[in-house]
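Raw work-v8.cif, mmCIF, C-alpha atoms and all ligand atoms:
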```cif
data_upload
loop_
_atom_site.label_atom_id
_atom_site.label_comp_id
_atom_site.auth_asym_id
_atom_site.auth_seq_id
_atom_site.Cartn_x
_atom_site.Cartn_y
_atom_site.Cartn_z
CA MET A 30 -49.85 6.58 1.59
CA GLY A 31 -47.49 5.40 -1.19
CA GLU A 32 -46.85 1.92 -2.45
CA ALA A 33 -45.68 -0.38 0.37
CA LEU A 34 -41.96 -0.37 0.94
CA ALA A 35 -40.14 -3.47 -0.31
CA SER A 36 -38.78 -3.86 3.24
CA ASN A 37 -42.43 -4.23 4.34
CA GLY A 38 -43.34 -6.73 1.63
CA GLY A 39 -44.15 -4.33 -1.22
CA PRO A 40 -42.75 -4.59 -4.77
CA LYS A 41 -39.17 -3.49 -5.44
CA ALA A 42 -38.73 -0.10 -7.12
CA VAL A 43 -35.76 -1.48 -9.08
CA PRO A 44 -36.39 -4.86 -10.70
CA ALA A 45 -33.28 -7.07 -10.70
CA ASP A 46 -33.13 -7.27 -14.50
CA ILE A 47 -32.65 -3.50 -14.84
CA ARG A 48 -29.37 -3.53 -12.97
CA ARG A 49 -26.19 -3.93 -14.99
CA PRO A 50 -23.01 -5.40 -13.62
CA TRP A 51 -19.83 -3.35 -13.26
CA PRO A 52 -17.78 -3.42 -15.31
CA CYS A 53 -20.05 -4.18 -18.24
CA ILE A 54 -17.96 -6.48 -20.43
CA THR A 55 -17.83 -6.04 -24.22
CA ASP A 56 -16.71 -8.46 -26.94
CA ALA A 57 -13.61 -6.31 -27.36
CA ASP A 58 -12.74 -6.88 -23.66
CA LYS A 59 -13.04 -10.63 -24.13
CA GLN A 60 -10.91 -10.57 -27.26
CA ALA A 61 -8.25 -8.53 -25.46
CA VAL A 62 -7.94 -11.12 -22.68
CA MET A 63 -7.84 -13.95 -25.23
CA ARG A 64 -5.11 -12.08 -27.13
CA ALA A 65 -3.04 -12.02 -23.93
CA MET A 66 -3.45 -15.80 -23.68
CA ASP A 67 -1.61 -16.22 -26.95
CA TYR A 68 1.65 -14.49 -26.03
CA GLY A 69 2.94 -17.45 -24.04
CA ILE A 70 4.42 -15.12 -21.39
CA TYR A 71 2.08 -13.63 -18.86
CA SER A 72 3.93 -11.12 -16.70
CA ASP A 73 7.19 -9.18 -16.48
CA ASP A 74 8.30 -7.03 -19.42
CA THR A 75 5.43 -8.23 -21.57
CA PRO A 76 3.53 -6.55 -24.42
CA GLU A 77 0.20 -5.74 -22.72
CA ILE A 78 1.77 -4.50 -19.48
CA ASN A 79 4.30 -2.36 -21.31
CA ALA A 80 1.59 -0.93 -23.58
CA LEU A 81 -0.75 -0.22 -20.66
CA GLN A 82 2.03 1.64 -18.84
CA GLU A 83 2.70 3.81 -21.89
CA GLU A 84 -0.98 4.44 -22.58
CA TRP A 85 -1.86 5.32 -18.98
CA ALA A 86 1.13 7.66 -18.63
CA ALA A 87 0.05 9.42 -21.85
CA TYR A 88 -3.59 9.56 -20.70
CA VAL A 89 -2.67 11.11 -17.34
CA GLY A 90 -0.02 13.38 -18.86
CA VAL A 91 3.12 12.12 -17.09
CA LYS A 92 6.32 10.41 -18.23
CA HIS A 93 6.08 7.14 -16.31
CA CYS A 94 3.57 4.55 -15.25
CA LEU A 95 4.25 1.26 -13.48
CA ALA A 96 1.45 -1.30 -13.44
CA THR A 97 1.00 -3.10 -10.10
CA ASN A 98 -1.22 -5.76 -8.59
CA SER A 99 -3.23 -3.31 -6.44
CA GLY A 100 -3.83 0.35 -5.74
CA THR A 101 -2.41 -0.23 -2.28
CA ALA A 102 0.83 -1.48 -3.87
CA ALA A 103 1.00 1.63 -6.08
CA LEU A 104 0.35 3.81 -3.02
CA HIS A 105 3.06 2.05 -1.00
CA MET A 106 5.47 2.51 -3.93
CA SER A 107 4.55 6.23 -3.92
CA VAL A 108 5.27 6.59 -0.20
CA ALA A 109 8.62 4.83 -0.59
CA ALA A 110 9.52 6.72 -3.78
CA VAL A 111 9.29 10.13 -2.09
CA GLY A 112 11.55 8.86 0.68
CA ALA A 113 9.01 8.65 3.52
CA GLY A 114 10.14 5.92 5.88
CA PRO A 115 10.87 5.05 9.50
CA GLY A 116 10.16 7.98 11.82
CA ASP A 117 8.64 10.25 9.14
CA GLU A 118 5.12 11.62 9.38
CA VAL A 119 2.82 11.64 6.38
CA ILE A 120 -0.36 13.74 6.48
CA VAL A 121 -3.52 11.94 5.41
CA PRO A 122 -7.22 12.98 5.40
CA SER A 123 -9.33 11.74 8.32
CA TYR A 124 -11.92 10.22 6.00
CA SER A 125 -10.79 7.74 3.32
CA PHE A 126 -10.30 4.03 2.75
CA ILE A 127 -7.90 2.45 5.24
CA ALA A 128 -5.27 1.71 2.55
CA THR A 129 -4.51 5.44 2.35
CA ALA A 130 -3.17 5.26 5.91
CA THR A 131 -1.79 1.71 5.91
CA ALA A 132 0.30 2.49 2.79
CA VAL A 133 2.12 4.93 5.06
CA LEU A 134 2.54 2.31 7.79
CA HIS A 135 3.76 -0.19 5.18
CA HIS A 136 6.94 1.85 4.90
CA ASN A 137 7.19 2.30 8.68
CA ALA A 138 6.13 5.93 8.44
CA ILE A 139 3.52 7.50 10.72
CA PRO A 140 0.10 8.67 9.50
CA VAL A 141 -1.02 12.05 10.87
CA PHE A 142 -4.59 13.08 10.14
CA VAL A 143 -6.16 16.33 9.01
CA ASP A 144 -9.93 16.67 8.94
CA VAL A 145 -11.87 16.91 5.69
CA GLU A 146 -13.84 19.83 4.23
CA PRO A 147 -17.57 19.89 5.03
CA GLU A 148 -18.44 20.70 1.40
CA THR A 149 -16.36 18.10 -0.45
CA TRP A 150 -15.16 15.60 2.21
CA ASN A 151 -11.63 16.00 0.80
CA LEU A 152 -8.59 17.00 2.87
CA ASP A 153 -9.11 20.51 4.28
CA ALA A 154 -6.08 22.50 3.12
CA THR A 155 -6.88 25.28 5.59
CA LYS A 156 -6.10 22.87 8.45
CA LEU A 157 -2.93 21.48 6.91
CA GLU A 158 -0.25 23.78 8.27
CA ALA A 159 -1.32 23.18 11.87
CA ALA A 160 -0.52 19.47 11.39
CA ILE A 161 3.00 19.97 10.02
CA THR A 162 5.81 19.13 12.46
CA PRO A 163 9.61 18.81 12.09
CA HIS A 164 8.95 15.12 11.32
CA THR A 165 6.58 15.68 8.40
CA LYS A 166 7.87 14.28 5.12
CA ALA A 167 4.86 14.21 2.82
CA ILE A 168 1.20 15.07 2.32
CA LEU A 169 -1.11 12.43 0.90
CA PRO A 170 -4.42 13.93 -0.28
CA VAL A 171 -7.16 11.66 -1.61
CA HIS A 172 -9.35 12.61 -4.58
CA LEU A 173 -12.38 11.22 -2.80
CA ASN A 174 -15.01 9.68 -5.00
CA GLY A 175 -13.26 11.00 -8.12
CA TYR A 176 -13.38 14.65 -7.04
CA PRO A 177 -9.91 16.28 -7.03
CA ALA A 178 -8.61 17.66 -3.76
CA ASP A 179 -7.57 21.31 -3.51
CA MET A 180 -4.20 20.63 -5.13
CA ASP A 181 -2.96 24.20 -5.71
CA ALA A 182 -3.41 25.04 -2.04
CA ILE A 183 -1.88 21.72 -0.93
CA ASN A 184 1.08 22.02 -3.31
CA ALA A 185 1.75 25.60 -2.19
CA ILE A 186 1.88 24.56 1.48
CA ALA A 187 4.06 21.58 0.57
CA ALA A 188 6.49 23.81 -1.34
CA LYS A 189 6.68 26.26 1.58
CA HIS A 190 7.62 23.46 4.00
CA ASP A 191 9.68 21.38 1.52
CA LEU A 192 7.34 18.39 1.63
CA ALA A 193 6.53 15.83 -1.04
CA VAL A 194 2.94 15.40 -2.23
CA ILE A 195 1.47 12.00 -3.10
CA GLU A 196 -1.91 11.73 -4.84
CA ASP A 197 -4.22 8.94 -3.76
CA ALA A 198 -5.99 8.86 -7.11
CA CYS A 199 -7.39 5.37 -6.49
CA GLN A 200 -10.95 6.62 -7.08
CA SER A 201 -10.31 9.34 -9.66
CA HIS A 202 -9.44 7.93 -13.09
CA GLY A 203 -9.88 10.70 -15.63
CA ALA A 204 -10.96 13.40 -13.16
CA GLU A 205 -9.56 16.84 -13.99
CA TYR A 206 -8.36 19.70 -11.83
CA ARG A 207 -7.94 23.04 -13.59
CA GLY A 208 -7.54 21.23 -16.90
CA ARG A 209 -5.06 18.59 -15.71
CA LYS A 210 -5.75 14.97 -14.92
CA THR A 211 -5.40 13.60 -11.40
CA GLY A 212 -2.15 11.68 -11.17
CA SER A 213 -0.29 14.56 -12.81
CA LEU A 214 -0.83 17.04 -9.98
CA ALA A 215 1.96 15.99 -7.60
CA ALA A 216 5.29 14.15 -7.46
CA VAL A 217 3.71 10.69 -7.53
CA GLY A 218 0.25 9.18 -7.69
CA ALA A 219 -1.54 5.87 -7.33
CA PHE A 220 -4.65 4.48 -9.04
CA SER A 221 -6.58 1.34 -8.14
CA LEU A 222 -8.00 -1.05 -10.72
CA ASN A 223 -10.08 -3.04 -8.26
CA LYS A 224 -13.49 -4.47 -9.02
CA TYR A 225 -15.43 -1.28 -8.26
CA LYS A 226 -13.23 1.26 -9.94
CA ASN A 227 -14.08 3.40 -12.99
CA LEU A 228 -11.21 1.62 -14.75
CA CYS A 229 -11.26 -1.98 -13.62
CA GLY A 230 -8.93 -4.96 -13.86
CA GLY A 231 -10.64 -7.10 -11.23
CA ASP A 232 -7.66 -6.07 -9.14
CA GLY A 233 -4.57 -4.06 -9.97
CA GLY A 234 -3.03 -0.62 -9.71
CA LEU A 235 -1.09 2.05 -11.58
CA PHE A 236 1.77 4.10 -10.12
CA VAL A 237 2.49 7.35 -11.99
CA THR A 238 5.19 10.00 -11.89
CA ASP A 239 6.89 12.54 -14.11
CA ASP A 240 10.20 12.10 -12.32
CA ASP A 241 12.83 9.61 -13.52
CA GLU A 242 14.39 9.08 -10.09
CA LEU A 243 11.09 8.52 -8.32
CA LYS A 244 10.18 5.98 -10.97
CA GLU A 245 13.48 4.13 -10.37
CA ARG A 246 12.78 3.86 -6.64
CA ALA A 247 9.22 2.70 -7.20
CA LEU A 248 10.45 0.12 -9.70
CA MET A 249 12.74 -1.42 -7.08
CA LEU A 250 9.94 -1.61 -4.57
CA ARG A 251 7.71 -3.33 -7.13
CA GLU A 252 10.12 -6.19 -7.68
CA PHE A 253 12.12 -7.42 -4.69
CA GLY A 254 14.36 -4.34 -4.51
CA GLU A 255 15.94 -5.37 -7.81
CA ARG A 256 16.68 -3.11 -10.76
CA VAL A 257 14.68 -4.83 -13.47
CA TYR A 258 14.56 -2.91 -16.74
CA GLN A 259 12.52 -3.41 -19.88
CA GLY A 260 14.55 -5.44 -22.40
CA GLU A 261 17.53 -5.99 -20.06
CA LYS A 262 18.87 -9.20 -18.49
CA ARG A 263 17.85 -9.62 -14.84
CA GLN A 264 20.77 -9.35 -12.37
CA TYR A 265 19.13 -10.93 -9.30
CA GLU A 266 20.55 -8.41 -6.88
CA SER A 267 18.37 -6.64 -4.34
CA HIS A 268 19.33 -3.02 -3.54
CA ALA A 269 16.49 -2.01 -1.22
CA MET A 270 13.41 -3.33 0.49
CA GLY A 271 11.16 -4.66 -2.22
CA TRP A 272 7.89 -6.53 -2.53
CA MET A 273 6.26 -8.42 -5.36
CA TYR A 274 3.76 -5.96 -6.75
CA ARG A 275 3.78 -6.96 -10.44
CA THR A 276 0.56 -7.56 -12.34
CA THR A 277 -0.30 -9.90 -15.22
CA GLU A 278 -0.88 -9.66 -18.97
CA PHE A 279 -4.57 -10.57 -18.58
CA VAL A 280 -5.29 -7.66 -16.27
CA ALA A 281 -3.31 -5.29 -18.49
CA ALA A 282 -5.11 -6.42 -21.66
CA PHE A 283 -8.52 -6.10 -19.99
CA VAL A 284 -7.71 -2.64 -18.64
CA ARG A 285 -6.33 -1.43 -21.98
CA SER A 286 -9.54 -2.46 -23.64
CA GLN A 287 -11.64 -0.46 -21.15
CA LEU A 288 -9.27 2.50 -21.29
CA GLN A 289 -10.44 3.07 -24.86
CA ARG A 290 -13.90 3.91 -23.53
CA LEU A 291 -12.98 5.40 -20.14
CA ASP A 292 -13.94 8.95 -21.15
CA GLU A 293 -17.26 7.74 -22.53
CA MET A 294 -17.93 5.70 -19.38
CA ASN A 295 -17.04 8.65 -17.15
CA ALA A 296 -19.27 11.01 -19.14
CA CYS A 297 -22.15 8.57 -18.66
CA ARG A 298 -21.54 8.38 -14.89
CA MET A 299 -21.36 12.15 -14.63
CA ALA A 300 -24.56 12.75 -16.62
CA ASN A 301 -26.50 10.07 -14.75
CA ALA A 302 -25.19 11.25 -11.38
CA GLN A 303 -26.44 14.73 -12.20
CA ILE A 304 -29.93 13.34 -12.81
CA ILE A 305 -29.95 11.83 -9.33
CA ARG A 306 -28.42 14.94 -7.75
CA ASP A 307 -31.16 17.08 -9.32
CA ALA A 308 -33.86 14.73 -8.06
CA LEU A 309 -32.48 14.66 -4.50
CA GLY A 310 -32.15 18.44 -4.26
CA GLN A 311 -35.74 18.72 -2.97
CA TYR A 312 -35.07 16.85 0.30
CA GLU A 313 -33.95 19.01 3.20
CA PHE A 314 -32.53 16.04 5.08
CA VAL A 315 -30.21 15.14 2.17
CA THR A 316 -26.89 16.92 1.63
CA LEU A 317 -24.80 16.32 -1.45
CA PRO A 318 -21.12 17.19 -1.78
CA GLN A 319 -20.63 20.62 -3.33
CA TYR A 320 -18.40 20.66 -6.37
CA ARG A 321 -16.46 23.61 -7.78
CA ASP A 322 -16.39 24.60 -11.46
CA ASP A 323 -12.62 24.29 -11.82
CA ARG A 324 -12.62 20.49 -11.56
CA THR A 325 -14.65 17.44 -12.57
CA CYS A 326 -16.01 14.65 -10.42
CA VAL A 327 -16.02 11.23 -12.13
CA PHE A 328 -18.35 9.72 -9.52
CA TRP A 329 -16.69 6.47 -8.48
CA PHE A 330 -19.78 5.92 -6.32
CA PHE A 331 -22.75 8.24 -5.77
CA PRO A 332 -22.66 9.56 -2.17
CA LEU A 333 -25.40 11.32 -0.22
CA MET A 334 -25.44 12.52 3.35
CA LEU A 335 -28.58 12.10 5.45
CA SER A 336 -29.67 13.95 8.57
CA ALA A 337 -32.05 12.44 11.12
CA ALA A 338 -32.26 15.81 12.86
CA ALA A 339 -33.22 17.64 9.65
CA ALA A 340 -35.81 14.94 8.91
CA GLY A 341 -37.33 15.50 12.37
CA TYR A 342 -36.20 12.29 14.08
CA ASP A 343 -34.58 12.22 17.47
CA MET A 344 -32.27 9.28 16.97
CA PRO A 345 -28.54 8.66 16.35
CA GLU A 346 -27.51 9.79 12.89
CA ALA A 347 -25.82 6.47 12.05
CA ALA A 348 -28.95 4.51 13.01
CA PHE A 349 -31.09 6.73 10.77
CA ARG A 350 -28.61 6.38 7.90
CA ASP A 351 -28.54 2.59 8.35
CA ALA A 352 -32.33 2.26 8.41
CA VAL A 353 -32.71 4.35 5.26
CA THR A 354 -29.88 2.49 3.54
CA ASP A 355 -31.47 -0.88 4.36
CA ALA A 356 -34.82 0.30 2.99
CA LEU A 357 -33.16 1.53 -0.22
CA GLY A 358 -31.30 -1.77 -0.51
CA ALA A 359 -34.59 -3.65 -0.15
CA GLU A 360 -35.94 -1.60 -3.07
CA GLY A 361 -33.24 -3.18 -5.25
CA LEU A 362 -30.44 -0.61 -5.08
CA ASN A 363 -26.87 -1.64 -4.37
CA ILE A 364 -26.17 0.95 -1.68
CA CYS A 365 -23.93 0.84 1.36
CA SER A 366 -22.45 2.96 4.11
CA TRP A 367 -18.88 2.93 2.79
CA GLN A 368 -16.38 3.82 5.57
CA ARG A 369 -18.39 3.78 8.77
CA LYS A 370 -15.38 4.83 10.86
CA ILE A 371 -12.88 7.57 10.18
CA LEU A 372 -9.28 6.39 9.81
CA PRO A 373 -7.98 7.62 13.21
CA ALA A 374 -10.85 5.74 14.89
CA GLN A 375 -9.94 2.38 13.36
CA ARG A 376 -8.19 0.11 15.80
CA ILE A 377 -4.95 -0.40 13.84
CA ILE A 378 -4.38 3.36 14.05
CA HIS A 379 -6.26 4.45 17.15
CA ASP A 380 -4.68 1.82 19.40
CA LYS A 381 -1.36 2.02 17.51
CA VAL A 382 -1.53 -1.67 16.71
CA GLY A 383 0.48 -1.36 13.48
CA TYR A 384 2.72 -4.37 13.03
CA GLY A 385 2.25 -5.35 16.66
CA LYS A 386 4.39 -4.36 19.66
CA GLY A 387 3.47 -0.73 18.89
CA SER A 388 5.59 -0.64 15.73
CA PRO A 389 6.22 1.64 13.89
CA TRP A 390 5.28 4.26 16.52
CA SER A 391 7.45 2.64 19.21
CA ASP A 392 10.37 1.25 17.22
CA GLY A 393 12.81 4.00 18.19
CA HIS A 394 12.87 5.92 14.89
CA TYR A 395 9.84 8.04 15.64
CA LYS A 396 10.62 11.16 17.67
CA GLY A 397 7.21 12.79 17.34
CA CYS A 398 4.17 12.45 19.58
CA VAL A 399 1.12 11.93 17.39
CA THR A 400 -2.13 11.12 19.17
CA TYR A 401 -5.33 9.94 17.58
CA ASN A 402 -8.23 11.70 19.29
CA VAL A 403 -11.36 10.92 17.35
CA GLU A 404 -13.03 14.20 18.44
CA ASP A 405 -10.33 16.15 16.58
CA TYR A 406 -12.02 15.26 13.28
CA PRO A 407 -15.66 16.43 13.63
CA VAL A 408 -16.31 16.76 9.90
CA GLY A 409 -14.96 13.29 9.13
CA LEU A 410 -17.02 11.87 12.00
CA SER A 411 -20.17 13.42 10.66
CA VAL A 412 -19.46 12.12 7.13
CA ALA A 413 -18.78 8.62 8.48
CA ASP A 414 -22.01 8.64 10.51
CA ARG A 415 -24.32 10.09 7.92
CA THR A 416 -23.28 9.10 4.41
CA THR A 417 -24.56 6.31 2.25
CA TRP A 418 -23.09 5.44 -1.14
CA LEU A 419 -25.01 4.25 -4.18
CA VAL A 420 -22.92 1.73 -6.08
CA ASP A 421 -24.99 0.98 -9.16
CA MET A 422 -27.78 2.13 -11.51
CA TYR A 423 -25.91 5.20 -12.77
CA GLN A 424 -22.72 3.80 -14.25
CA TRP A 425 -22.10 3.06 -17.95
CA PRO A 426 -24.09 1.92 -19.90
CA HIS A 427 -27.17 2.76 -17.82
CA THR A 428 -29.43 5.15 -19.72
CA ALA A 429 -31.13 8.25 -18.36
CA ASP A 430 -34.42 6.31 -18.43
CA GLU A 431 -32.94 3.51 -16.34
CA VAL A 432 -31.61 6.02 -13.82
CA GLN A 433 -35.24 6.93 -13.14
CA TYR A 434 -35.63 3.57 -11.40
CA ALA A 435 -33.03 4.67 -8.87
CA VAL A 436 -34.71 8.06 -8.53
CA ARG A 437 -38.06 6.32 -7.89
CA ALA A 438 -36.46 4.12 -5.22
CA PHE A 439 -35.17 7.21 -3.41
CA GLU A 440 -38.52 8.99 -3.75
CA LYS A 441 -40.42 5.95 -2.51
CA VAL A 442 -38.28 5.53 0.60
CA PHE A 443 -37.87 9.25 1.32
CA SER A 444 -41.64 9.80 1.20
CA GLN A 445 -42.23 7.10 3.84
CA LEU A 446 -39.58 7.77 6.44
CA ASP A 447 -41.95 7.04 9.33
CA ALA A 448 -42.36 3.50 8.00
CA VAL A 449 -38.57 3.23 7.60
CA VAL A 450 -37.53 4.32 11.07
CA GLY A 451 -40.72 3.47 13.00
C1 LIG B 1 -9.06 5.92 -1.64
C2 LIG B 1 -8.49 4.55 -1.84
N1 LIG B 1 -7.17 4.35 -1.63
C3 LIG B 1 -6.60 3.16 -1.81
C4 LIG B 1 -7.33 2.07 -2.24
C5 LIG B 1 -6.65 0.76 -2.39
O1 LIG B 1 -6.81 0.23 -3.68
P1 LIG B 1 -6.77 -1.37 -3.89
O2 LIG B 1 -8.05 -1.93 -3.37
O3 LIG B 1 -6.65 -1.52 -5.38
O4 LIG B 1 -5.58 -1.87 -3.18
C6 LIG B 1 -8.68 2.22 -2.48
C7 LIG B 1 -9.48 1.06 -2.90
O5 LIG B 1 -10.62 0.85 -2.60
C8 LIG B 1 -9.29 3.48 -2.27
O6 LIG B 1 -10.60 3.67 -2.49
#
```
Show me, as structure tokens, the structure contained in the file I just sent.
Amino acid sequence: MGEALASNGGPKAVPADIRRPWPCITDADKQAVMRAMDYGIYSDDTPEINALQEEWAAYVGVKHCLATNSGTAALHMSVAAVGAGPGDEVIVPSYSFIATATAVLHHNAIPVFVDVEPETWNLDATKLEAAITPHTKAILPVHLNGYPADMDAINAIAAKHDLAVIEDACQSHGAEYRGRKTGSLAAVGAFSLNKYKNLCGGDGGLFVTDDDELKERALMLREFGERVYQGEKRQYESHAMGWMYRTTEFVAAFVRSQLQRLDEMNACRMANAQIIRDALGQYEFVTLPQYRDDRTCVFWFFPLMLSAAAAGYDMPEAAFRDAVTDALGAEGLNICSWQRKILPAQRIIHDKVGYGKGSPWSDGHYKGCVTYNVEDYPVGLSVADRTTWLVDMYQWPHTADEVQYAVRAFEKVFSQLDAVVG
């Protein structure tokens, strides 16, 4: 019998003072934000924003970057830039964050889902062609958890059917696919800078493209449909539907400061994640995503998939996952079941709620007949039921020694499953 579980009154495996916040702020970060205070102009054609756009475009390996106030905004700009709009279908993986699908709805286009791969939980390119219809305009793969989707296969199918490809790179800052960074693997891409992301601005986003025309369209969407250019007088004329998706100097300065250590921070995440992956390999009821050698995973979070059946318990998988997650949380880990429902099962999509009154499915533009049958996505369903996601204890600047606290928490809980689910 091991030490009592923290959920049963025992000591925590991870003392609170071991855990480091994300992002871990340096003096240089603070100075960067203070520097932005001194400019006297805080958004719109300003030094930090302009510099961040140049630096991120260079980092990713594309011509253009537009900084935004969220990843969702950058994703919406991507959908609009490739010309997906009323009546068009955009193919999206069954398992992702809801913004991947709502960014499509935001431009009155229709999300169509393809299930994910059992090994990686990314869009399954082998199922893609079956989902293409005469209404399909674009494919929107997600680099889930910082692991690049199968872009060569996806791009080849897109080229064959004359479709645009949009990267949801919101979780994949710095991840590489066959030597190229995510964000440079398709026509347009979107990154998030929200509070959990590998590159963090509190909130914010980055739209990227190599294409001048796509950048022009995205620029209009970012600012009221106007054509607002660096260094030029504003004309105050709106040419297209536009929103207000600009960001601020403070966010840009903070992000630029972290960008200088992004590769170091990612290397730390990857090394620490490997320590945990190695330690969890011994448990038959734990499955980890399988990663291929031709790409890197920058581990936005650390996911693991549990199996009640493999552990010998006759109970619903989600209930087993939740009980284990709660016990791990009680041990002092920040761990959660991120995305408990696949996208086509969420009410806004499943019941075609959209904007209300059935729009955009029912507004007259859409000539297709998409249906959202949850059973059509068995792999996504299984991932949603069985995965739990570790949020802390492995990110920069946690050391390999500190990661052992997380490993001990897993070992403690996994060696007392009867006490967890009993
Ligand atoms: C895969 C994915 N897409 C889109 C988004 C939206 O990004 P944001 O929260 O910055 O709007 C997120 C954010 O969590 C995400 O994880």
**Report entry** Who sits within 10 Å of Val89 (chain A), all atoms listed in the file, same chain under 5 positions skipped, as a ChimeraX atom specification
**Finding:** /A:84,94,202-205,209-214,237-238
Report task. Choose the residue, out of A:Thr316, A:Ser411, A:Asn174, A:Asn223, that has the smallest atom-to-atom separation from Met334 (chain A); count all atoms listed in the file. Result ->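 Closest to Met334 (chain A), using all atoms listed in the file: A:Thr316.
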Query - Residues within 10 Å of Pro407 (chain A), all atoms listed in the file, excluding chain neighbours under 2 positions, as number ranges by chain - result: A: 123, 144-145, 147, 371, 403-405, 409-413
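If you measure from each of A:Arg275, A:Arg290, A:Arg437, A:Arg321 to Ser72 (chain A) using only C-alpha atoms, the closest one turns out to be A:Arg275.
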Report task. Write as a PyMOL selection string the residues around ligand LIG 1 (chain B), taking 10 Å as the cut-off and counting all atoms listed in the file. Result -> chain A and resi 97-105+124-132+170-175+196-201+219-226+229-235+329+367-368
Query - Exercise: Leu335 (chain A) partners within 6 Å, only C-alpha atoms, chain neighbours under 3 positions left out, as number ranges by chain - result: A: 314-315, 415
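Closest to Val420 (chain A) among A:Pro76, A:Gly218, A:Pro44, A:Gly358 is A:Gly358, based on all atoms listed in the file.
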**Report entry** Selected residue of minimal separation from Ala435 (chain A) among A:Ala448, A:Leu169, A:Ile304, A:Ala154, counting all atoms listed in the file
**Finding:**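 Distance minimum relative to Ala435 (chain A) lands on A:Ile304.
From CA of Glu252 (chain A) back to CA of Thr75 (chain A), the distance works out to 14.8 Å.
Nearest residue to Val450 (chain A), choosing from A:Ala374, A:Ala167, A:Leu419, A:Met344 and counting only C-alpha atoms: A:Met344.
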Requested in this report: Pick out the residues sitting within 10 Å of Met422 (chain A), and hand them over as an NGL selection string; count only C-alpha atoms, and ignore anything fewer than 3 positions along from it in its own chain.
Outcome: :A and (43 or 47-51 or 298 or 301-302 or 331 or 361-363 or 419 or 425-429 or 431-436)
Step by step: locate region 202-223 of chain A in the block above, keep C-alpha atoms, then write the file as a compact mmCIF listing (two decimals), in the first residue's frame.
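Contents of selection.txt, as written:
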```txt
# COMPACT_ATOMS: atom_id res chain seq x y z
CA HIS A 202 4.59 28.08 -32.26
CA GLY A 203 7.97 26.92 -33.52
CA ALA A 204 6.91 23.35 -34.40
CA GLU A 205 8.53 22.04 -37.58
CA TYR A 206 7.29 19.80 -40.36
CA ARG A 207 9.95 18.39 -42.66
CA GLY A 208 12.25 21.28 -41.77
CA ARG A 209 9.68 24.07 -42.15
CA LYS A 210 7.86 25.93 -39.42
CA THR A 211 4.10 25.64 -38.98
CA GLY A 212 2.48 28.76 -40.38
CA SER A 213 4.56 28.45 -43.57
CA LEU A 214 2.97 25.20 -44.75
CA ALA A 215 -0.21 26.55 -46.39
CA ALA A 216 -1.73 29.70 -47.91
CA VAL A 217 -2.51 31.29 -44.54
CA GLY A 218 -2.09 30.46 -40.88
CA ALA A 219 -3.16 31.65 -37.45
CA PHE A 220 -1.38 31.58 -34.09
CA SER A 221 -2.85 32.34 -30.67
CA LEU A 222 -1.01 34.30 -27.99
CA ASN A 223 -3.46 33.52 -25.22
```
